[in-house]
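Enquirer: Data: structure.txt, compact mmCIF, C-alpha atoms.
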```
# COMPACT_ATOMS: atom_id res chain seq x y z
CA MET A 1 -11.91 139.30 46.19
CA THR A 2 -13.20 139.61 49.65
CA ARG A 3 -11.08 138.32 52.45
CA GLU A 4 -12.88 136.48 55.11
CA ARG A 5 -12.23 137.97 58.48
CA GLU A 6 -11.41 135.65 61.22
CA ALA A 7 -13.27 136.00 64.40
CA LEU A 8 -11.33 138.45 66.58
CA PRO A 9 -10.18 137.17 69.94
CA ASP A 10 -11.87 138.72 72.91
CA LYS A 11 -10.47 142.20 73.58
CA ILE A 12 -8.37 142.56 76.66
CA ALA A 13 -9.56 145.70 78.35
CA ILE A 14 -6.64 147.80 79.62
CA ASP A 15 -7.61 150.40 82.16
CA MET A 16 -6.15 153.61 80.73
CA THR A 17 -7.31 155.88 83.53
CA PRO A 18 -4.09 155.90 85.64
CA MET A 19 -1.92 156.49 82.60
CA ILE A 20 -4.05 159.36 81.38
CA ASP A 21 -4.03 160.81 84.89
CA VAL A 22 -0.26 160.75 85.01
CA VAL A 23 0.08 162.13 81.50
CA PHE A 24 -2.19 165.07 82.29
CA GLN A 25 -0.24 165.74 85.47
CA LEU A 26 2.93 165.85 83.39
CA ILE A 27 1.37 168.21 80.87
CA THR A 28 0.19 170.49 83.65
CA PHE A 29 3.67 170.53 85.19
CA PHE A 30 5.39 171.36 81.93
CA MET A 31 2.86 174.02 81.03
CA LEU A 32 3.31 175.76 84.35
CA THR A 33 7.10 175.65 84.14
CA LEU A 34 7.12 176.92 80.57
CA LYS A 35 8.61 180.36 80.34
CA ASP A 36 9.19 182.87 77.65
CA VAL A 37 12.12 181.45 75.70
CA SER A 38 13.79 184.71 74.74
CA VAL A 39 17.51 184.35 74.17
CA GLU A 40 19.86 186.05 76.58
CA GLY A 41 23.48 186.91 75.99
CA ASP A 42 26.40 188.34 77.88
CA PHE A 43 28.92 191.14 77.66
CA ASP A 44 32.18 190.25 79.36
CA ILE A 45 33.70 192.95 81.48
CA LYS A 46 36.81 192.53 83.57
CA MET A 47 36.96 195.03 86.36
CA PRO A 48 39.52 194.45 89.09
CA LEU A 49 39.50 196.86 91.98
CA GLY A 50 42.17 199.49 91.65
CA PRO A 51 44.79 199.61 88.91
CA SER A 52 44.97 196.46 86.82
CA GLN A 53 47.70 194.10 87.87
CA GLY A 54 49.97 191.99 85.72
CA ALA A 55 51.79 193.00 82.60
CA VAL A 56 51.22 196.56 81.60
CA GLN A 57 50.29 196.81 77.96
CA ASP A 58 52.21 199.66 76.44
CA ASP A 59 50.58 199.39 73.06
CA LEU A 60 47.13 200.35 74.37
CA LEU A 61 45.64 203.43 72.82
CA PRO A 62 44.51 206.12 75.23
CA PRO A 63 41.01 205.20 76.47
CA ILE A 64 38.07 206.47 74.46
CA ARG A 65 35.92 208.29 76.96
CA VAL A 66 32.19 207.92 76.41
CA LYS A 67 30.17 210.13 78.71
CA MET A 68 26.44 209.89 79.22
CA THR A 69 24.42 212.33 81.26
CA ALA A 70 20.95 211.70 82.64
CA ALA A 71 17.79 213.77 82.64
CA ALA A 72 15.70 213.94 85.81
CA ASP A 73 13.66 210.89 84.78
CA GLY A 74 16.74 208.76 84.09
CA SER A 75 16.59 209.03 80.32
CA ARG A 76 19.70 209.99 78.41
CA ALA A 77 20.17 213.72 78.17
CA GLY A 78 23.59 213.85 76.55
CA LEU A 79 26.12 211.58 74.90
CA SER A 80 29.66 212.48 74.07
CA MET A 81 32.84 210.77 72.94
CA ASN A 82 36.17 212.25 73.96
CA GLY A 83 34.38 215.49 74.79
CA GLN A 84 32.61 215.85 71.44
CA PRO A 85 28.82 215.56 71.45
CA VAL A 86 27.34 212.55 69.68
CA GLY A 87 23.73 212.34 68.50
CA ASP A 88 22.88 208.70 69.11
CA PHE A 89 24.38 205.26 69.48
CA ASP A 90 24.55 204.71 65.70
CA GLU A 91 26.66 207.82 65.35
CA LEU A 92 28.79 206.66 68.30
CA ARG A 93 29.37 203.37 66.49
CA ARG A 94 30.37 205.19 63.29
CA ARG A 95 32.85 207.31 65.19
CA ILE A 96 34.33 204.25 66.88
CA VAL A 97 34.70 202.58 63.46
CA ASP A 98 36.39 205.73 62.12
CA LEU A 99 38.74 205.73 65.08
CA VAL A 100 39.77 202.08 65.32
CA GLY A 101 38.91 200.78 61.85
CA THR A 102 37.72 197.32 60.91
CA GLY A 103 39.25 194.33 59.22
CA PRO A 104 43.01 193.70 59.04
CA GLY A 105 45.09 196.46 60.54
CA SER A 106 42.32 197.61 62.85
CA ASN A 107 43.24 198.98 66.24
CA ALA A 108 40.21 197.42 67.91
CA ASP A 109 42.35 195.10 70.06
CA LYS A 110 44.39 197.99 71.41
CA ALA A 111 41.51 200.34 72.07
CA GLU A 112 39.71 200.70 75.34
CA VAL A 113 36.47 202.46 76.12
CA GLU A 114 35.80 204.09 79.45
CA LEU A 115 32.14 204.67 80.25
CA ASP A 116 31.36 207.65 82.41
CA CYS A 117 27.68 207.61 83.36
CA ASP A 118 25.51 209.70 85.63
CA TYR A 119 24.28 207.83 88.70
CA ASP A 120 20.60 208.15 87.77
CA LEU A 121 20.99 207.12 84.13
CA ALA A 122 18.72 204.25 83.11
CA TYR A 123 20.76 201.06 82.70
CA ASP A 124 19.28 200.54 79.20
CA ASN A 125 21.63 203.24 77.94
CA VAL A 126 24.72 201.51 79.33
CA VAL A 127 23.90 198.32 77.43
CA GLY A 128 23.12 200.45 74.36
CA ALA A 129 26.50 202.17 74.56
CA ILE A 130 28.34 198.87 75.14
CA THR A 131 26.53 197.42 72.12
CA ALA A 132 27.51 200.43 70.02
CA VAL A 133 31.20 200.31 70.89
CA SER A 134 31.70 196.56 71.00
CA GLY A 135 30.54 195.58 67.54
CA MET A 136 28.21 195.98 64.64
CA VAL A 137 25.91 193.62 62.80
CA GLN A 138 26.45 193.49 59.04
CA PRO A 139 23.43 193.20 56.72
CA ASP A 140 24.26 189.51 56.20
CA GLY A 141 24.05 188.91 59.94
CA THR A 142 27.77 188.58 60.68
CA ILE A 143 29.16 190.55 63.58
CA VAL A 144 32.21 192.77 63.22
CA GLU A 145 33.87 193.13 66.59
CA LEU A 146 35.06 196.54 67.63
CA VAL A 147 36.35 197.47 71.08
CA LYS A 148 36.46 194.59 73.53
CA LYS A 149 37.99 196.31 76.52
CA ILE A 150 35.36 198.27 78.37
CA LYS A 151 35.59 199.78 81.80
CA PHE A 152 33.57 202.11 83.98
CA THR A 153 34.54 205.19 85.89
CA PRO A 154 33.73 204.88 89.60
CA PRO A 155 30.06 205.58 90.45
CA LYS A 156 29.30 209.18 91.34
CA LYS A 157 26.76 209.39 94.13
CA PRO A 158 24.47 212.38 93.72
CA GLN A 159 24.97 214.99 96.41
CA MET B 1 -21.79 147.67 104.20
CA ALA B 2 -21.13 146.48 100.72
CA ARG B 3 -22.97 148.34 98.08
CA LYS B 4 -24.79 146.23 95.67
CA GLY B 5 -23.81 147.04 92.12
CA GLY B 6 -26.63 147.32 89.70
CA GLY B 7 -26.49 145.75 86.32
CA GLU B 8 -23.72 147.46 84.29
CA PRO B 9 -24.86 149.32 81.21
CA SER B 10 -23.30 148.07 78.01
CA LYS B 11 -19.89 149.81 77.66
CA THR B 12 -19.41 152.39 74.93
CA ASP B 13 -15.94 151.96 73.45
CA ILE B 14 -14.11 155.25 72.99
CA ASP B 15 -10.97 155.04 70.91
CA MET B 16 -8.34 156.69 73.12
CA THR B 17 -5.47 156.38 70.65
CA PRO B 18 -5.67 159.86 69.02
CA MET B 19 -5.99 161.58 72.39
CA ILE B 20 -2.99 159.75 73.79
CA ASP B 21 -1.01 160.54 70.63
CA VAL B 22 -1.74 164.25 70.95
CA THR B 23 -1.03 164.22 74.65
CA PHE B 24 2.37 162.64 74.18
CA GLN B 25 3.17 165.13 71.46
CA LEU B 26 2.38 167.90 73.92
CA ILE B 27 4.57 166.33 76.58
CA THR B 28 7.43 165.98 74.12
CA PHE B 29 7.08 169.64 73.15
CA PHE B 30 7.13 170.82 76.75
CA VAL B 31 10.08 168.60 77.62
CA PHE B 32 12.11 170.05 74.78
CA THR B 33 11.27 173.64 75.63
CA LEU B 34 12.05 173.17 79.29
CA ASN B 35 15.45 174.57 80.08
CA PHE B 36 16.73 174.09 83.59
CA SER B 37 19.83 176.20 83.00
CA GLU B 38 17.66 179.28 82.73
CA ALA B 39 16.31 178.83 86.21
CA VAL B 40 17.80 182.18 87.25
CA ARG B 41 15.46 184.10 84.99
CA ASP B 42 13.21 186.34 86.89
CA ASP B 43 10.03 188.07 85.83
CA ARG B 44 10.79 191.00 88.10
CA ILE B 45 13.64 192.00 85.82
CA LYS B 46 13.12 193.37 82.34
CA LEU B 47 16.53 193.09 80.71
CA PRO B 48 17.79 195.70 78.28
CA THR B 49 17.96 194.46 74.70
CA SER B 50 21.00 194.26 72.48
CA GLN B 51 21.68 192.93 69.01
CA LEU B 52 25.08 191.68 70.11
CA ALA B 53 23.92 189.75 73.16
CA LYS B 54 24.60 186.29 71.82
CA PRO B 55 24.42 183.45 74.32
CA ALA B 56 27.76 182.21 75.59
CA GLU B 57 28.97 178.89 74.18
CA ALA B 58 29.83 177.52 77.60
CA PRO B 59 28.54 178.49 81.01
CA PRO B 60 30.96 180.78 82.85
CA PRO B 61 33.05 179.26 85.66
CA ASP B 62 31.51 179.45 89.16
CA PRO B 63 28.64 181.75 88.22
CA ILE B 64 27.01 183.97 90.82
CA THR B 65 23.87 185.67 89.56
CA LEU B 66 22.92 189.04 90.99
CA GLN B 67 19.99 191.02 89.71
CA VAL B 68 19.13 194.67 90.09
CA MET B 69 15.47 195.63 90.16
CA ARG B 70 14.24 198.97 88.94
CA ASP B 71 13.55 200.10 92.52
CA GLY B 72 17.24 199.68 93.36
CA ARG B 73 17.00 196.48 95.36
CA ALA B 74 19.05 193.48 94.37
CA ILE B 75 17.86 189.90 93.97
CA TYR B 76 20.17 187.31 95.45
CA ALA B 77 19.23 183.61 95.34
CA GLY B 78 15.72 184.56 94.28
CA GLU B 79 15.07 186.85 97.24
CA PRO B 80 15.04 190.65 97.10
CA VAL B 81 17.69 192.15 99.35
CA ASN B 82 18.72 195.70 100.09
CA MET B 83 21.83 196.86 98.30
CA ARG B 84 23.58 197.68 101.59
CA ASP B 85 23.15 194.08 102.78
CA ILE B 86 24.59 192.51 99.65
CA GLY B 87 28.13 192.59 101.08
CA GLY B 88 27.22 189.95 103.66
CA TYR B 89 25.86 187.60 101.03
CA LEU B 90 28.91 188.12 98.86
CA GLU B 91 31.13 187.38 101.86
CA ASN B 92 29.34 184.01 102.16
CA GLU B 93 29.95 183.33 98.48
CA ARG B 94 33.61 184.22 98.94
CA ARG B 95 33.95 181.85 101.88
CA VAL B 96 32.30 179.02 99.96
CA LEU B 97 34.72 179.55 97.08
CA LEU B 98 37.74 179.71 99.38
CA ALA B 99 36.60 176.55 101.21
CA ALA B 100 36.45 174.81 97.83
CA GLY B 101 40.03 175.91 97.14
CA LYS B 102 39.03 178.50 94.56
CA GLU B 103 39.81 182.19 94.31
CA PRO B 104 36.94 184.71 94.14
CA GLY B 105 38.76 186.34 91.21
CA GLY B 106 38.08 183.24 89.12
CA ALA B 107 34.34 183.26 89.71
CA THR B 108 32.01 185.08 87.36
CA VAL B 109 29.38 187.48 88.61
CA ILE B 110 26.43 187.57 86.22
CA ILE B 111 24.63 190.87 86.51
CA ARG B 112 21.06 191.00 85.31
CA GLY B 113 20.03 194.60 85.63
CA ASP B 114 16.57 195.93 84.81
CA GLY B 115 16.66 198.33 81.88
CA ASP B 116 15.09 201.04 84.04
CA ALA B 117 17.39 200.52 87.02
CA LYS B 118 19.84 203.30 87.82
CA THR B 119 23.29 202.75 86.38
CA GLY B 120 24.78 203.93 89.66
CA MET B 121 23.00 201.10 91.48
CA VAL B 122 24.51 198.55 89.12
CA GLN B 123 27.90 200.15 89.63
CA ASP B 124 27.42 200.06 93.41
CA LEU B 125 26.76 196.34 93.10
CA VAL B 126 29.88 195.86 90.99
CA LYS B 127 31.87 197.81 93.56
CA ALA B 128 30.53 195.64 96.41
CA CYS B 129 31.65 192.58 94.45
CA GLN B 130 35.07 194.06 93.77
CA GLU B 131 35.56 194.71 97.47
CA LYS B 132 35.07 190.96 98.07
CA GLY B 133 37.65 190.08 95.44
CA PHE B 134 35.40 189.34 92.46
CA GLU B 135 36.84 190.56 89.19
CA ARG B 136 35.02 188.90 86.35
CA PHE B 137 31.65 190.30 85.45
CA VAL B 138 29.19 189.69 82.68
CA LEU B 139 26.36 192.06 81.96
CA ARG B 140 23.40 190.11 80.72
CA ALA B 141 21.08 191.45 78.04
CA GLN B 142 18.25 190.09 76.00
CA TYR B 143 19.04 189.26 72.39
CA ASP B 144 17.26 191.55 69.98
CA GLU B 145 16.88 190.25 66.43
CA PRO B 146 18.51 192.74 63.99
CA ARG B 147 15.94 194.26 61.68
```
Give the structure from this file in structure tokens form.
Expert:
Amino acid sequence: MTREREALPDKIAIDMTPMIDVVFQLITFFMLTLKDVSVEGDFDIKMPLGPSQGAVQDDLLPPIRVKMTAAADGSRAGLSMNGQPVGDFDELRRRIVDLVGTGPGSNADKAEVELDCDYDLAYDNVVGAITAVSGMVQPDGTIVELVKKIKFTPPKKPQ
Amino acid sequence: MARKGGGEPSKTDIDMTPMIDVTFQLITFFVFTLNFSEAVRDDRIKLPTSQLAKPAEAPPPDPITLQVMRDGRAIYAGEPVNMRDIGGYLENERRVLLAAGKEPGGATVIIRGDGDAKTGMVQDLVKACQEKGFERFVLRAQYDEPR
């Protein structure tokens, strides 16, 4: 059963050149503005100058003092928590968990960490330490929050 | 001087439809990946990574982005500035906030420090902000997928 084709009407020629020009301009623009889409996130830190104002919280635990010393090249030479040496950030996290606990009845809300860093220490280590004390990622991807209150000791200019 | 056109050769019809389809797909892709809110990102800064650096659900109030390069200079409004000059720029920010009827303490200073920058430099920057009345800080890090 062949269908008889009707004679097609004369084609109307549309000049595509301007549209294609514009479309390529758009592509070029978007390609040049495309950037690496890595995800960035934040750590909140509240640091007023001087002693904190407002209501004094009596139920705060004494601050956990995390000290990091720097080697000459800025890498981390030493890490300690409350004066006791700690091997790495994973061990620091374990000690924080031991200290404040997790789940119901944890003292994480009342705890505060004070970071004491050498002036020349690479900033990587600060973020590493904040990551270690502020939470841990469970194997299923959920995050258990640990210490939220983090403060710094004043910067120590090298002599 | 009009140019005389010669006899036109018979036109070869090229079907443009697939090309235009692909081109629009490309445009759609680029439009969706374009993110204007990340305009502060700077290639001069290599952020430290963290597994807990999840993006904030809402942008912080009155954000001021300051970046610290590994050589110790800061980047303010896209331009590198010396750390000792940053106070003047922060004073301007403070005045703008006050003129808008806002307190500097309510603004958020976003600090994007290079992973190799000196911690003391970042702390100096924080101190300069504190002296101008800024209290809320966020330290920005790059999200690192847990392995």
Enquirer: Give me, as a ChimeraX atom specification, all polymer residues having an atom no more than 10 Å from range 25-29 of chain B, counting all atoms listed in the file and skipping those fewer than 6 positions away in the same chain.
Expert: /A:23-24,26-31 /B:19
Enquirer: Just C-alpha atoms for this one: save the residues we selected as a PDB file, keeping the file's coordinate frame.
Expert:
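Output file again10.pdb follows:
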```pdb
ATOM      1  CA  VAL A  23       0.080 162.130  81.500  1.00  0.00           C
ATOM      2  CA  PHE A  24      -2.190 165.070  82.290  1.00  0.00           C
ATOM      3  CA  LEU A  26       2.930 165.850  83.390  1.00  0.00           C
ATOM      4  CA  ILE A  27       1.370 168.210  80.870  1.00  0.00           C
ATOM      5  CA  THR A  28       0.190 170.490  83.650  1.00  0.00           C
ATOM      6  CA  PHE A  29       3.670 170.530  85.190  1.00  0.00           C
ATOM      7  CA  PHE A  30       5.390 171.360  81.930  1.00  0.00           C
ATOM      8  CA  MET A  31       2.860 174.020  81.030  1.00  0.00           C
TER       9      MET A  31
ATOM     10  CA  MET B  19      -5.990 161.580  72.390  1.00  0.00           C
TER      11      MET B  19
END
```
Enquirer: Please check which residues have atoms at most 7 Å from (23.3, 183.6, 96.6) in the file's coordinates, counting only C-alpha atoms, and write them as a list of chain:residue names.
Expert: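 The answer, in the requested form, is B:Ile64, B:Tyr76, B:Ala77, B:Tyr89, B:Glu93.
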Enquirer: Keeping only C-alpha atoms, write the selected residues to a file as a PDB file, keeping the file's coordinate frame.
Expert:
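Saved file selection-v7.pdb follows:
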```pdb
ATOM      1  CA  ILE B  64      27.010 183.970  90.820  1.00  0.00           C
ATOM      2  CA  TYR B  76      20.170 187.310  95.450  1.00  0.00           C
ATOM      3  CA  ALA B  77      19.230 183.610  95.340  1.00  0.00           C
ATOM      4  CA  TYR B  89      25.860 187.600 101.030  1.00  0.00           C
ATOM      5  CA  GLU B  93      29.950 183.330  98.480  1.00  0.00           C
TER       6      GLU B  93
END
```
Enquirer: Provide as JSON, numbers by chain the residues of chain A at most 8 Å from chain B, counting only C-alpha atoms.
Expert: {"A": [20, 23, 24, 26, 27, 30, 31, 33, 34, 37, 38, 39, 40, 41, 42, 43, 44, 45, 46, 47, 48, 49, 74, 117, 118, 119, 120, 121, 122, 123, 124, 126, 127, 128, 131, 135, 136, 137, 141, 143, 154, 155, 156, 157]}
Enquirer: What's the separation between CA of Val144 in chain A and CA of Leu99 in chain A, in Å to one decimal place?
Expert: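 A separation of 14.6 Å between them.
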Enquirer: Can you pull out every residue within 10 Å of Asp85 in chain B, counting all atoms listed in the file, but drop anything in the same chain fewer than 3 positions away, and send it as a ChimeraX atom specification?
Expert: /B:73-74,81-82,88-90,128
Enquirer: Take the selection from the previous step and output its residues with C-alpha atoms, as an mmCIF file, in the frame of the given file.
Expert:
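And here is the file that came out, selection.cif:
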```cif
data_model
loop_
_atom_site.group_PDB
_atom_site.id
_atom_site.type_symbol
_atom_site.label_atom_id
_atom_site.label_comp_id
_atom_site.auth_asym_id
_atom_site.auth_seq_id
_atom_site.Cartn_x
_atom_site.Cartn_y
_atom_site.Cartn_z
ATOM 1 C CA ARG B 73 17.000 196.480 95.360
ATOM 2 C CA ALA B 74 19.050 193.480 94.370
ATOM 3 C CA VAL B 81 17.690 192.150 99.350
ATOM 4 C CA ASN B 82 18.720 195.700 100.090
ATOM 5 C CA GLY B 88 27.220 189.950 103.660
ATOM 6 C CA TYR B 89 25.860 187.600 101.030
ATOM 7 C CA LEU B 90 28.910 188.120 98.860
ATOM 8 C CA ALA B 128 30.530 195.640 96.410
#
```
